[in-house]
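A short write-up of the structure that comes next.
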Amino acid sequence: MHEKTQSPFASLNREELIVRAEQGAAVLVEAIKELAFENEEKAKRAAELELANKELAFQNEEKVKRAAELELANKELAFQNEENTKLHERLFQAEKLESLGLLAGGVAHDMNNVLGAILGLSSAMQNFQVVDSPAWRAFDTIEKAATRGGKLVQSLLVFTRNSLPEERVLNLNEILQEEVRILAHTTLSHVRLTLDMDSELRPIRGDGAALTHAIMNLCVNAVDAMPEDGTLTLRTRNIDNAWIEVVVEDTGSGMSKEVLKRAFDPFFTTKEVGKGTGLGLSVVNRTVKAHQGQLEIQSEPGHGTRVGIRFPACEHSPYLGETTAEPRPESSPYALSVLLVDDDELIQSSMQAILELLGHSVTVASSGEEALSKLATDFQPDVVILDLNMPGLGGRGTLPRLRALRPTLPLILSTGQIDQVAIDLSRAHPHVTLLPKPFSTRDLQEKLAVLTTPKG
Ligand SMILES: Nc1ncnc2c1ncn2[C@@H]1O[C@H](COP(=O)(O)OP(=O)(O)OP(=O)(O)O)[C@@H](O)[C@H]1O
Ligand SMILES: [Mg+2]
C-alpha cells in the first residue's frame with residue numbers, strides 16, 4: 001500500500017491552471033510592491049537620521065563655542081573683580097588720607113599756637129642772655145626744637161591740604177648753601193659732598209621754608225642710602241630763560257623697580273620702624289607741584305639715585321613787595337602801641353611778653369568784635385596783629401570792617417596756614433602783611449619794622 005503523492009495542480013485543467021497562475025502572480029506583485037514600499041520608508045528614515053545626526057553635530061559645535069565664550073566672560077569678570085578690589089583699596093587709602101588731613105589740619109592750628117608761644121618767648125629771652133652762656137644755649141636749643149616742630153606741622157599741612165606756600169623771590173643756591181651748612185654739622189662724616197652751582201642761577205618765586213624742607217628731605221634720603229660711604233652731589237643750572245634745575249644725586253643703594261614705583265606714595269617706607277614715616281618724597285612732590293615745578297627721578301639698584309627738579313624762573317623784581325623787604329636791624333627804634341587780636345590765651349600772653357620785651361606796649365582783644373569796638377573809640381594803636389583763624393567774625397570778617405574804621409592802620413595778618421584766602425585778603429587791602437605761625441621774635445620784628453617805618 002504505497003500511495004504516490006500527487007501535485008495539487010494535477011487534477012486541474014488548463015483554464016483552472018491559468019487562473020491559479022494569474023492569482024499567484026498577482027500575490028507576488030503585491031508582495032514586491034510591499035517590499036519596495038518598505039525599502040523606500042527605510043531610505044527615508046535613514047535620510048532623516050542623517051539629518052538628525054548633522055543637527056546634533058552642529059549643536060555640539062555651538063555648545064563648544066558657547067563654552068569658550070563663557071570661559072572668556074569668566075576671565076573678564078575675574079579681571080574686573082580684581083580691578084574693583086584695587087579701586088576699593090585706593091578709595092580706602094584716599095579716605096584715610098582725607099580724615100588724616102582733617103585731623104592734621106585741626107592739630108596743626110593748635111600746635112602752631114603752642115609752638116608759637118615757645119618759639120617766641122625762647123627767642124626773646126635768648127636776646128637777654130650772654131652769648132654762649134648755658135642759658136643762651138638752652139634757649140637756642142628750645143628755639144631750634146620749636147622751629148623743627150613748626151616745620152613738621154607745616155609739612156603735614158602741605159601734605160594734607162596743598163597749603164599754598166608763602167611766596168617770595170628767592171635764590172635756590174642760597175637754600176642749598178644753607179642745607180650744606182646743616183649737613184656739614186650733622187651727617188657728612190662718611191659722605192663726600194660735591195657742589196656744582198651756577199652762580200648766575202636765575203631766581204624763582206616760592207616759599208623758602210617749604211623748599212628748604214623739600215631739599216632737606218632729598219638730602220636725608222641720599223645720605224640714608226649711603227650708610228658706608230659715597231658722594232652726594234648738589235647741582236643747579238639755568239635750563240633756558242624759562243626754567244632752572246636743581247639736582248640731588250647720590251651714589252647709594254638705588255631703588256628696585258617696585259620701590260621706585262611706590263616711593264612717592266604717602267607712608268611708603270622701606271626704613272625700619274621709627275626711622276622713616278614715608279612722607280619725605282610725597283611732601284617733596286607736593287611742594288614741587290605747588291611751585292608749578294616738574295620732578296624727575298632716576299634710580300637703579302646699586303647705581304645710586306638722581307632727583308632733578310625744574311622750577312619756572314622769574315625776573316629779579318620782587319613779587320610780593322610786602323614779604324621781600326630787607327631785614328631790619330635788631331630792635332625797632334620805635335616804641336609802638338600794638339593791638340593784639342587773638343583768641344588763644346597762650347598766644348596772647350606770650351606775644352604780649354615778647355612785644356613788651358621789645359619795648360612796645362600791648363592792648364589785647366580776644367576777638368575781632370572786641371577789637372572793632374576798641375577801634376570805634378579814640379584808641380590809636382600804631383599797628384594791629386590780627387589772627388586769621390578765630391571764632392565769630394574771624395580775621396576774614398574783621399579786616400574789611402577794620403579798614404572801614406582805619407583805612408591806613410598797618411596790620412599784620414598772622415595765620416598758621418598761608419592759603420589762598422590769606423593771600424587774597426592781604427592783597428586786597430593796603431598796609432597788610434602776612435606772618436606765618438609759628439614765628440620767631442626776629443620774624444615779628446622784621447614785619448613790624450617794615451610796616452611802621454615812615455616812608456621816604
Ligand atoms: N636716594 C634714595 N636712594 C635709595 N632709596 C630711596 C632714596 N630716596 C627714597 N628712597 C626710597 O623711597 C622710600 C620713601 O622715601 P621717603 O623719603 O618718602 O620716606 P622715608 O625716607 O622712608 O621716610 P621719611 O622721609 O618720612 O623719614 C624710602 O624708604 C626708600 O626706600
Ligand atoms: Mg625720606
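By convention here, the chains of the C-alpha cells are called A, B, ... in the order presented, each chain's residues are numbered starting at 1, and ligands are numbered starting at 1 in the order presented.
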Please identify all protein, DNA and RNA residues within 8 Å of ligand 1, counting only C-alpha atoms and all ligand atoms, and report them as a ChimeraX atom specification.
/A:217-226,249-250,252-255,259-260,262-271,275-283,299,304-307
Include C-alpha atoms and write out the residues we just selected as a short mmCIF file (atom, residue, chain, number, x, y, z; two decimals), in the first residue's frame.
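Dumped everything to result10.cif:
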data_model
loop_
_atom_site.label_atom_id
_atom_site.label_comp_id
_atom_site.auth_asym_id
_atom_site.auth_seq_id
_atom_site.Cartn_x
_atom_site.Cartn_y
_atom_site.Cartn_z
CA ASN A 217 64.17 115.51 52.57
CA LEU A 218 66.06 114.66 49.39
CA CYS A 219 69.44 115.08 51.06
CA VAL A 220 68.42 112.93 54.04
CA ASN A 221 67.21 110.20 51.67
CA ALA A 222 70.50 110.40 49.78
CA VAL A 223 72.60 110.20 52.94
CA ASP A 224 70.44 107.31 54.24
CA ALA A 225 71.10 105.44 51.01
CA MET A 226 74.88 105.66 51.62
CA GLU A 249 72.30 112.92 43.26
CA ASP A 250 73.78 110.11 45.32
CA GLY A 252 73.99 104.97 47.21
CA SER A 253 71.92 101.79 47.15
CA GLY A 254 69.46 102.95 44.49
CA MET A 255 65.94 101.57 44.24
CA VAL A 259 60.34 100.50 45.41
CA LEU A 260 60.68 103.25 42.81
CA ARG A 262 55.84 103.32 45.29
CA ALA A 263 58.50 105.72 46.60
CA PHE A 264 56.23 108.76 46.24
CA ASP A 265 53.24 107.10 47.92
CA PRO A 266 52.49 108.68 51.26
CA PHE A 267 53.62 106.48 54.16
CA PHE A 268 55.59 104.17 51.92
CA THR A 269 58.92 103.45 53.55
CA THR A 270 61.50 100.69 53.46
CA LYS A 271 63.10 102.02 56.59
CA LYS A 275 63.34 105.71 61.24
CA GLY A 276 61.07 106.86 58.43
CA THR A 277 57.48 108.00 58.18
CA GLY A 278 57.42 107.62 54.40
CA LEU A 279 56.22 111.17 53.97
CA GLY A 280 59.50 112.61 52.68
CA LEU A 281 59.09 112.16 48.95
CA SER A 282 55.35 112.80 48.91
CA VAL A 283 55.99 116.15 50.60
CA SER A 299 67.32 105.15 40.23
CA GLY A 304 72.50 105.43 43.03
CA THR A 305 69.66 107.88 42.61
CA ARG A 306 69.28 111.16 40.78
CA VAL A 307 66.41 113.53 41.51
#
DSSP on the backbone: what in stretch 245-359 of chain A comes out helix (DSSP H, G or I), as a PyMOL selection string?
chain A and resi 257-262+280-290+321-323+345-357
Stretch 351-359 of chain A environment, 7 Å, only C-alpha atoms, sequence neighbours closer than 6 positions dropped, as a ChimeraX atom specification:
/A:120-121,124,331,335
Please write the residues from the selection above to a file, keeping C-alpha atoms, as a JSON list (two decimals), in the first residue's frame.
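Saved as again19.json:
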[["chain", "number", "residue", "atom", "x", "y", "z"],
["A", 120, "GLY", "CA", 58.51, 133.48, 70.54],
["A", 121, "LEU", "CA", 59.39, 133.52, 74.20],
["A", 124, "ALA", "CA", 63.01, 136.76, 73.01],
["A", 331, "SER", "CA", 65.48, 146.14, 67.65],
["A", 335, "ALA", "CA", 58.10, 152.07, 70.88]]
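Between atom CA of A:Leu234 and atom CA of A:Pro436 the interatomic distance comes to 29.0 Å.
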